[in-house]
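As stored in protein.cif (mmCIF, C-alpha atoms and all ligand atoms):
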```cif
data_input
loop_
_atom_site.label_atom_id
_atom_site.label_comp_id
_atom_site.auth_asym_id
_atom_site.auth_seq_id
_atom_site.Cartn_x
_atom_site.Cartn_y
_atom_site.Cartn_z
CA MET A 272 87.83 15.93 -68.90
CA PRO A 273 89.09 19.18 -67.35
CA GLN A 274 86.55 20.79 -65.08
CA GLN A 275 84.88 23.87 -66.53
CA PRO A 276 85.28 27.09 -64.57
CA PRO A 277 82.15 27.80 -62.52
CA ILE A 278 79.42 29.99 -63.95
CA TYR A 279 78.64 31.18 -60.41
CA ARG A 280 80.76 31.27 -57.30
CA VAL A 281 79.72 32.76 -53.99
CA GLU A 282 81.66 33.17 -50.78
CA GLY A 283 80.34 34.00 -47.36
CA LEU A 284 77.10 35.36 -48.76
CA THR A 285 75.04 36.97 -46.03
CA ARG A 286 71.79 38.89 -46.31
CA VAL A 287 70.16 40.55 -43.36
CA TYR A 288 66.85 42.37 -43.73
CA GLY A 289 66.05 45.03 -41.13
CA GLU A 290 68.02 45.83 -37.99
CA GLY A 291 68.27 45.09 -34.29
CA ALA A 292 65.71 42.81 -32.69
CA SER A 293 63.61 42.63 -35.86
CA ALA A 294 66.53 41.70 -38.15
CA VAL A 295 65.90 38.69 -40.40
CA HIS A 296 68.96 36.65 -41.39
CA ALA A 297 67.90 35.40 -44.82
CA LEU A 298 71.38 34.08 -45.71
CA ARG A 299 74.00 33.19 -43.13
CA GLY A 300 77.30 32.82 -44.97
CA VAL A 301 76.64 30.74 -48.07
CA ASP A 302 79.55 29.29 -50.10
CA LEU A 303 78.82 27.68 -53.45
CA GLU A 304 80.24 26.92 -56.88
CA LEU A 305 78.07 25.98 -59.84
CA PRO A 306 79.40 24.63 -63.13
CA PRO A 307 77.78 25.90 -66.34
CA GLY A 308 75.15 23.99 -68.27
CA GLU A 309 73.50 22.20 -65.35
CA ILE A 310 69.99 22.18 -63.95
CA THR A 311 70.17 23.04 -60.26
CA VAL A 312 67.14 22.74 -58.01
CA LEU A 313 67.02 24.64 -54.71
CA LEU A 314 64.79 23.07 -52.07
CA GLY A 315 64.03 24.03 -48.48
CA PRO A 316 61.30 25.24 -46.16
CA SER A 317 59.57 28.54 -46.68
CA GLY A 318 61.81 31.39 -45.55
CA SER A 319 65.04 29.38 -45.72
CA GLY A 320 66.72 31.80 -48.14
CA LYS A 321 66.33 30.18 -51.56
CA SER A 322 64.79 33.19 -53.31
CA THR A 323 67.24 35.53 -51.62
CA LEU A 324 70.16 33.60 -53.12
CA LEU A 325 68.48 33.51 -56.54
CA ASN A 326 67.81 37.26 -56.40
CA ILE A 327 71.44 38.03 -55.55
CA LEU A 328 72.72 35.79 -58.36
CA GLY A 329 70.19 37.50 -60.63
CA GLY A 330 71.50 40.97 -59.78
CA LEU A 331 68.10 41.91 -58.31
CA ASP A 332 69.38 42.24 -54.75
CA ARG A 333 72.71 42.80 -53.02
CA PRO A 334 74.11 40.89 -50.07
CA SER A 335 74.87 42.47 -46.71
CA ALA A 336 78.26 40.75 -46.78
CA GLY A 337 80.14 38.24 -48.89
CA ARG A 338 80.94 38.14 -52.58
CA ALA A 339 79.46 36.63 -55.75
CA TRP A 340 80.98 36.11 -59.19
CA PHE A 341 79.47 35.34 -62.58
CA ARG A 342 82.11 33.74 -64.82
CA GLY A 343 84.83 35.35 -62.77
CA GLU A 344 83.27 38.82 -62.86
CA GLU A 345 82.40 40.05 -59.42
CA LEU A 346 78.68 40.87 -59.27
CA THR A 347 79.04 42.30 -55.79
CA ALA A 348 81.49 44.91 -57.08
CA MET A 349 79.33 46.07 -60.00
CA SER A 350 77.54 49.40 -60.23
CA ASP A 351 73.76 49.34 -60.58
CA ARG A 352 74.22 50.13 -64.24
CA ALA A 353 76.60 47.23 -64.78
CA LEU A 354 74.21 44.90 -62.95
CA THR A 355 71.38 46.00 -65.25
CA ARG A 356 73.56 45.21 -68.25
CA TYR A 357 74.50 41.85 -66.74
CA ARG A 358 70.81 40.97 -66.31
CA ARG A 359 69.88 42.15 -69.78
CA ASP A 360 72.72 40.40 -71.59
CA ASN A 361 72.92 37.13 -69.69
CA LEU A 362 69.76 36.22 -67.81
CA GLY A 363 66.21 35.07 -68.36
CA PHE A 364 63.79 35.14 -65.41
CA VAL A 365 60.74 32.95 -64.85
CA PHE A 366 58.52 33.64 -61.82
CA GLN A 367 55.47 31.96 -60.29
CA PHE A 368 53.16 34.59 -61.75
CA TYR A 369 53.80 35.04 -65.39
CA ASN A 370 53.79 38.85 -65.56
CA LEU A 371 52.54 38.94 -69.14
CA MET A 372 51.09 42.14 -70.60
CA PRO A 373 47.35 41.39 -70.92
CA SER A 374 46.85 43.72 -73.88
CA LEU A 375 49.55 42.04 -75.99
CA THR A 376 49.43 38.69 -77.79
CA ALA A 377 51.79 35.85 -76.89
CA GLU A 378 54.09 36.83 -79.73
CA GLU A 379 54.04 40.53 -78.82
CA ASN A 380 54.88 39.67 -75.21
CA VAL A 381 57.99 37.86 -76.45
CA GLU A 382 58.82 40.73 -78.82
CA LEU A 383 59.09 43.10 -75.87
CA VAL A 384 62.30 41.30 -74.99
CA THR A 385 63.67 40.47 -78.43
CA GLU A 386 63.53 44.13 -79.42
CA ILE A 387 66.20 45.01 -76.85
CA ALA A 388 68.32 41.83 -76.91
CA ARG A 389 71.71 41.52 -78.63
CA ASN A 390 71.26 38.21 -80.43
CA PRO A 391 67.60 37.27 -80.07
CA MET A 392 65.60 34.45 -81.60
CA ASP A 393 62.66 35.21 -83.73
CA PRO A 394 59.67 35.41 -81.30
CA ALA A 395 57.85 32.73 -83.31
CA GLU A 396 60.87 30.43 -82.93
CA ALA A 397 60.91 30.98 -79.16
CA LEU A 398 57.19 30.15 -78.98
CA ALA A 399 57.77 27.03 -81.08
CA LEU A 400 60.47 25.91 -78.62
CA VAL A 401 57.86 25.86 -75.84
CA GLY A 402 55.27 24.21 -78.08
CA LEU A 403 53.07 27.26 -78.56
CA ASP A 404 53.58 28.05 -82.24
CA THR A 405 49.88 27.69 -82.95
CA ARG A 406 48.87 30.05 -80.12
CA LYS A 407 51.07 33.03 -80.90
CA ASP A 408 48.20 35.37 -81.74
CA HIS A 409 46.30 34.60 -78.53
CA PHE A 410 46.07 37.03 -75.64
CA PRO A 411 47.05 35.83 -72.12
CA SER A 412 43.38 35.66 -71.08
CA GLN A 413 42.81 33.14 -73.88
CA LEU A 414 45.56 30.83 -72.59
CA SER A 415 45.64 28.36 -69.68
CA GLY A 416 47.99 28.91 -66.73
CA GLY A 417 50.49 26.42 -68.13
CA GLU A 418 50.38 28.05 -71.56
CA GLN A 419 50.87 31.49 -70.02
CA GLN A 420 53.87 30.17 -68.13
CA ARG A 421 55.24 28.76 -71.38
CA VAL A 422 54.88 32.21 -72.98
CA ALA A 423 56.81 33.62 -70.02
CA ILE A 424 59.50 30.98 -70.59
CA ALA A 425 59.60 31.76 -74.32
CA ARG A 426 60.07 35.41 -73.39
CA ALA A 427 62.90 34.47 -71.03
CA VAL A 428 64.74 32.26 -73.55
CA ALA A 429 64.19 34.37 -76.66
CA LYS A 430 67.31 36.36 -75.93
CA ARG A 431 69.33 33.09 -75.68
CA PRO A 432 70.35 33.70 -72.09
CA ASP A 433 73.32 31.94 -70.51
CA VAL A 434 71.24 31.42 -67.38
CA LEU A 435 67.54 30.88 -66.69
CA LEU A 436 66.60 31.75 -63.12
CA CYS A 437 63.23 30.31 -62.15
CA ASP A 438 61.47 31.09 -58.86
CA GLU A 439 58.56 28.70 -58.23
CA PRO A 440 57.90 28.25 -61.98
CA THR A 441 55.28 25.58 -61.28
CA GLY A 442 53.87 27.15 -58.12
CA ALA A 443 50.58 28.17 -59.70
CA LEU A 444 50.12 25.05 -61.84
CA ASP A 445 48.54 21.64 -61.32
CA SER A 446 50.96 18.72 -61.29
CA ALA A 447 50.47 17.58 -64.90
CA THR A 448 50.89 21.12 -66.23
CA GLY A 449 53.81 21.69 -63.88
CA ARG A 450 55.52 18.63 -65.29
CA GLU A 451 55.04 19.96 -68.81
CA VAL A 452 56.58 23.29 -67.88
CA LEU A 453 59.54 21.51 -66.24
CA GLY A 454 59.87 19.47 -69.44
CA VAL A 455 60.18 22.72 -71.38
CA LEU A 456 62.93 23.94 -69.03
CA GLN A 457 64.76 20.63 -69.37
CA HIS A 458 64.45 20.77 -73.15
CA LEU A 459 65.89 24.30 -73.19
CA ASN A 460 68.75 23.26 -70.96
CA ARG A 461 69.60 20.39 -73.30
CA SER A 462 69.03 22.21 -76.61
CA LEU A 463 70.45 25.66 -75.81
CA GLY A 464 72.88 24.66 -73.06
CA SER A 465 71.48 27.31 -70.74
CA THR A 466 72.29 26.91 -67.07
CA VAL A 467 68.96 26.54 -65.25
CA MET A 468 68.29 27.25 -61.57
CA ILE A 469 64.90 26.40 -60.12
CA VAL A 470 63.66 27.41 -56.67
CA THR A 471 60.69 25.24 -55.75
CA HIS A 472 58.56 23.67 -53.03
CA ALA A 473 57.80 20.73 -55.32
CA ALA A 474 60.42 18.34 -53.93
CA ALA A 475 59.92 15.87 -56.78
CA THR A 476 61.53 18.43 -59.11
CA ALA A 477 64.84 17.27 -57.64
CA GLU A 478 64.57 14.11 -59.77
CA MET A 479 65.24 16.07 -62.98
CA ALA A 480 68.14 18.06 -61.53
CA ASP A 481 71.84 17.56 -62.11
CA ARG A 482 72.40 19.18 -58.72
CA VAL A 483 70.14 19.54 -55.71
CA ILE A 484 70.84 22.15 -53.05
CA ARG A 485 68.91 21.92 -49.79
CA PHE A 486 68.53 25.00 -47.62
CA THR A 487 67.69 25.30 -43.94
CA ASP A 488 67.52 28.55 -42.05
CA GLY A 489 69.64 30.66 -44.40
CA ALA A 490 72.35 28.06 -44.89
CA ILE A 491 73.08 25.23 -47.32
CA ARG A 492 72.42 21.92 -45.61
CA SER A 493 73.52 19.69 -48.49
CA VAL A 494 74.52 19.66 -52.14
CA GLU A 495 73.94 16.44 -54.04
CA HIS A 496 74.94 15.57 -57.57
CA ASN A 497 72.49 13.44 -59.48
CA ASP A 498 74.23 11.17 -61.99
CA ALA A 499 71.02 10.08 -63.70
CA PRO A 500 68.49 12.90 -63.82
CA ARG A 501 65.03 11.76 -64.93
CA ALA A 502 63.05 13.21 -67.79
CA ALA A 503 60.55 15.72 -66.41
CA ALA A 504 57.71 13.72 -67.95
CA GLU A 505 58.61 10.75 -65.72
CA ILE A 506 58.59 12.64 -62.42
CA GLU A 507 56.06 11.34 -59.88
CA TRP A 508 54.32 14.11 -57.88
N1 LIG A 601 62.44 42.38 -48.66
C1 LIG A 601 62.43 41.71 -47.50
N2 LIG A 601 62.31 42.37 -46.33
C2 LIG A 601 62.35 41.70 -45.14
N3 LIG A 601 62.51 40.37 -45.04
C3 LIG A 601 62.63 39.67 -46.17
C4 LIG A 601 62.59 40.30 -47.45
N4 LIG A 601 62.75 39.33 -48.40
C5 LIG A 601 62.85 38.16 -47.75
N5 LIG A 601 62.78 38.36 -46.40
C6 LIG A 601 62.90 37.32 -45.37
O1 LIG A 601 64.09 36.60 -45.57
C7 LIG A 601 63.90 35.21 -45.30
C8 LIG A 601 64.27 34.39 -46.51
O2 LIG A 601 63.33 34.65 -47.55
P1 LIG A 601 63.36 33.91 -48.96
O3 LIG A 601 62.28 34.52 -49.78
O4 LIG A 601 64.74 33.93 -49.49
O5 LIG A 601 63.00 32.43 -48.54
P2 LIG A 601 62.56 31.22 -49.47
O6 LIG A 601 63.33 30.05 -48.98
O7 LIG A 601 62.69 31.59 -50.89
O8 LIG A 601 61.04 31.10 -49.07
P3 LIG A 601 59.76 30.67 -49.95
O9 LIG A 601 59.99 29.24 -50.23
O10 LIG A 601 58.63 30.92 -49.02
O11 LIG A 601 59.75 31.55 -51.15
C9 LIG A 601 62.43 35.07 -44.88
O12 LIG A 601 62.34 35.07 -43.48
C10 LIG A 601 61.79 36.31 -45.45
O13 LIG A 601 60.66 36.70 -44.69
#
```
In structure tokens, write the structure found in this file.
Ligand SMILES: Nc1ncnc2c1ncn2[C@@H]1O[C@H](COP(=O)(O)OP(=O)(O)OP(=O)(O)O)[C@@H](O)[C@H]1O
Amino acid sequence: MPQQPPIYRVEGLTRVYGEGASAVHALRGVDLELPPGEITVLLGPSGSGKSTLLNILGGLDRPSAGRAWFRGEELTAMSDRALTRYRRDNLGFVFQFYNLMPSLTAEENVELVTEIARNPMDPAEALALVGLDTRKDHFPSQLSGGEQQRVAIARAVAKRPDVLLCDEPTGALDSATGREVLGVLQHLNRSLGSTVMIVTHAAATAEMADRVIRFTDGAIRSVEHNDAPRAAAEIEW
């Protein structure tokens, strides 16, 4: 089968925060190609640059040097306006803290996104995809942490994004709930074909990945391809 063109490609990506003696080298020349449709897990010690890479791919930050492309379009050459459009049209974000609006129900939180998306799902359909169809009229304070994270995932997928970028999606959850949330991400990858990238400290997450990237000190230490990813429900924590 011919290889698909990469969804992301980066070359010599460098990110330095601050200057002089206090400068922090968050990324030190990262090169990477990622094919579409995979689940990639980024592992590495705290401060090794995982979130910085995710933020640059997500158009939330810009590198100090180097270039990045999304489907052949150069992100690092885009205006702020074009980057905003790129994020809006192509990406869903999931963070450790769910960032739901407390005064809106689960369904209304999802609607915030579907109202401005080009080809959105019905909010109720997105909530059904994450197994929350019966909780759509609940407010965040009436939902558990795992359920709130599932609302956040429903919000991220409701616009049918090409890519789901997840930074510590299970960081605030116990292991059983974390596994459930990972199961939802795996299900979305398989059913919608979205490319999924997960930054995590939970090393066992690597078992469900197609590709595992290990970071050390701002650089990629290894990239492994996993020929037989496990179902999230089977992961041992
Ligand atoms: N806005 C910022 N200003 C200054 N330094 C920053 C900023 N953002 C990140 N850094 C630094 O860049 C380095 C890489 O941070 P990054 O968040 O990418 O690491 P990480 O591997 O995702 O860590 P963690 O697992 O703790 O989230 C760290 O030393 C961090 O302190």
Checklist entry - Could you name the residues that touch A:Ala499 at 10 Å or less, counting only C-alpha atoms, but leaving out those on the same chain fewer than 3 positions away, as a ChimeraX atom specification? => result /A:478-481,496,502
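Of the listed residues A:Ala490, A:Ile506, A:Ala395, A:Val452, the one whose atoms come nearest to ligand LIG 601 (chain A) is A:Ala490, with distances taken using all atoms listed in the file.
Using only C-alpha atoms, the shortest contact distance between A:Asn460 and any of A:Gly289, A:Gly416, A:Pro432, A:Gly300 is found at A:Pro432.
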Item to check | Distance query A:Val428 at most 10 Å, all atoms listed in the file, self and fewer than 4 positions along chain excluded, as a list in words | outcome: Leu362, Gly363, Phe364, Val365, Val381, Val384, Thr385, Pro391, Met392, Pro394, Ala397, Leu398, Leu400, Val401, Val422, Ala423, Ile424, Pro432, Asp433, Val434, Leu435, Leu456, Leu459, Leu463 and Ser465 of chain A
Checklist entry - Quick one: residues within 6 Å of ligand LIG 601 (chain A), with only C-alpha atoms and all ligand atoms, as a ChimeraX atom specification? => result /A:288,295,297,316-323
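Between A:Thr487 and the residues A:Gln367, A:Leu331, A:Leu284, A:Val301, the shortest atom-to-atom distance, using all atoms listed in the file, involves A:Val301.
Counting from atom CA of A:Glu379, the distance to atom CA of A:Ile310 is 28.5 Å.
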Next on the checklist: Using all atoms listed in the file - which residues lie no farther than 10 Å from the point (61.1, 30.2, -58.9) in the file's frame? Write them as a ChimeraX atom specification.
Outcome noted: /A:312-313,321-322,325,364-368,436-442,468-472
Next on the checklist: List the spatial neighbours of stretch 347-351 of chain A as JSON, numbers by chain - criterion: any atom at most 7 Å away, only C-alpha atoms, same-chain residues fewer than 6 positions off excluded.
Outcome noted: {"A": [333, 338, 339]}
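Using all atoms listed in the file, the protein and nucleic acid residues lying at most 6 Å from the point (69.3, 35.1, -44.8) are Arg286, Val287, His296, Ala297, Leu298, Arg299, Gly320 and Gly489 of chain A.
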Checklist entry - From the set A:Arg482, A:Arg421, A:Arg356, A:Lys407, which residue has the shortest atom-to-atom contact distance to A:Asn370, counting all atoms listed in the file? => result A:Arg421
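You will find atom CA of A:Ala399 at 20.2 Å from atom CA of A:Thr466.
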Next on the checklist: Counting all atoms listed in the file, which residue out of A:Ala425, A:Leu324, A:Leu354, A:Ala447 sits closest to A:Asn380?
Outcome noted: A:Ala425
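For the choices A:Thr355, A:Ser335, A:Thr376, A:Thr448, the atom-to-atom distance to A:Ser415 is smallest for A:Thr448 when using all atoms listed in the file.
Of note, atom CA of A:Glu345 and atom CA of A:Arg461 are spaced 27.3 Å apart.
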Item to check | Contacts of A:Ile278 within 10 Å, all atoms listed in the file, excl. fewer than 6 positions in-chain, as a ChimeraX atom specification | outcome: /A:304-309,340-344,433-434,466
Any chance you could model N, CA and C atoms for stretch 480-493 of chain A and send them as a PDB file, keeping the file's coordinate frame?
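Output file part_39.pdb follows:
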```pdb
ATOM      1  N   ALA A 480      66.996  17.155 -61.698  1.00  0.00           N
ATOM      2  CA  ALA A 480      68.140  18.060 -61.530  1.00  0.00           C
ATOM      3  C   ALA A 480      69.464  17.347 -61.687  1.00  0.00           C
ATOM      4  N   ASP A 481      70.473  18.062 -62.173  1.00  0.00           N
ATOM      5  CA  ASP A 481      71.840  17.560 -62.110  1.00  0.00           C
ATOM      6  C   ASP A 481      72.370  17.749 -60.693  1.00  0.00           C
ATOM      7  N   ARG A 482      71.875  18.821 -60.039  1.00  0.00           N
ATOM      8  CA  ARG A 482      72.400  19.180 -58.720  1.00  0.00           C
ATOM      9  C   ARG A 482      71.244  19.646 -57.840  1.00  0.00           C
ATOM     10  N   VAL A 483      71.211  19.182 -56.633  1.00  0.00           N
ATOM     11  CA  VAL A 483      70.140  19.540 -55.710  1.00  0.00           C
ATOM     12  C   VAL A 483      70.757  20.197 -54.480  1.00  0.00           C
ATOM     13  N   ILE A 484      70.321  21.418 -54.214  1.00  0.00           N
ATOM     14  CA  ILE A 484      70.840  22.150 -53.050  1.00  0.00           C
ATOM     15  C   ILE A 484      69.710  22.290 -52.048  1.00  0.00           C
ATOM     16  N   ARG A 485      69.945  21.819 -50.833  1.00  0.00           N
ATOM     17  CA  ARG A 485      68.910  21.920 -49.790  1.00  0.00           C
ATOM     18  C   ARG A 485      69.305  23.000 -48.791  1.00  0.00           C
ATOM     19  N   PHE A 486      68.329  23.878 -48.539  1.00  0.00           N
ATOM     20  CA  PHE A 486      68.530  25.000 -47.620  1.00  0.00           C
ATOM     21  C   PHE A 486      67.804  24.757 -46.318  1.00  0.00           C
ATOM     22  N   THR A 487      68.405  25.194 -45.217  1.00  0.00           N
ATOM     23  CA  THR A 487      67.690  25.300 -43.940  1.00  0.00           C
ATOM     24  C   THR A 487      68.153  26.572 -43.277  1.00  0.00           C
ATOM     25  N   ASP A 488      67.227  27.397 -42.895  1.00  0.00           N
ATOM     26  CA  ASP A 488      67.520  28.550 -42.050  1.00  0.00           C
ATOM     27  C   ASP A 488      68.685  29.405 -42.566  1.00  0.00           C
ATOM     28  N   GLY A 489      68.646  29.738 -43.837  1.00  0.00           N
ATOM     29  CA  GLY A 489      69.640  30.660 -44.400  1.00  0.00           C
ATOM     30  C   GLY A 489      70.978  30.031 -44.723  1.00  0.00           C
ATOM     31  N   ALA A 490      71.073  28.715 -44.608  1.00  0.00           N
ATOM     32  CA  ALA A 490      72.350  28.060 -44.890  1.00  0.00           C
ATOM     33  C   ALA A 490      72.119  26.841 -45.773  1.00  0.00           C
ATOM     34  N   ILE A 491      73.180  26.445 -46.497  1.00  0.00           N
ATOM     35  CA  ILE A 491      73.080  25.230 -47.320  1.00  0.00           C
ATOM     36  C   ILE A 491      73.285  24.025 -46.414  1.00  0.00           C
ATOM     37  N   ARG A 492      72.306  23.115 -46.435  1.00  0.00           N
ATOM     38  CA  ARG A 492      72.420  21.920 -45.610  1.00  0.00           C
ATOM     39  C   ARG A 492      73.135  20.815 -46.390  1.00  0.00           C
ATOM     40  N   SER A 493      72.847  20.724 -47.702  1.00  0.00           N
ATOM     41  CA  SER A 493      73.520  19.690 -48.490  1.00  0.00           C
ATOM     42  C   SER A 493      73.504  20.058 -49.966  1.00  0.00           C
TER      43      SER A 493
END
```
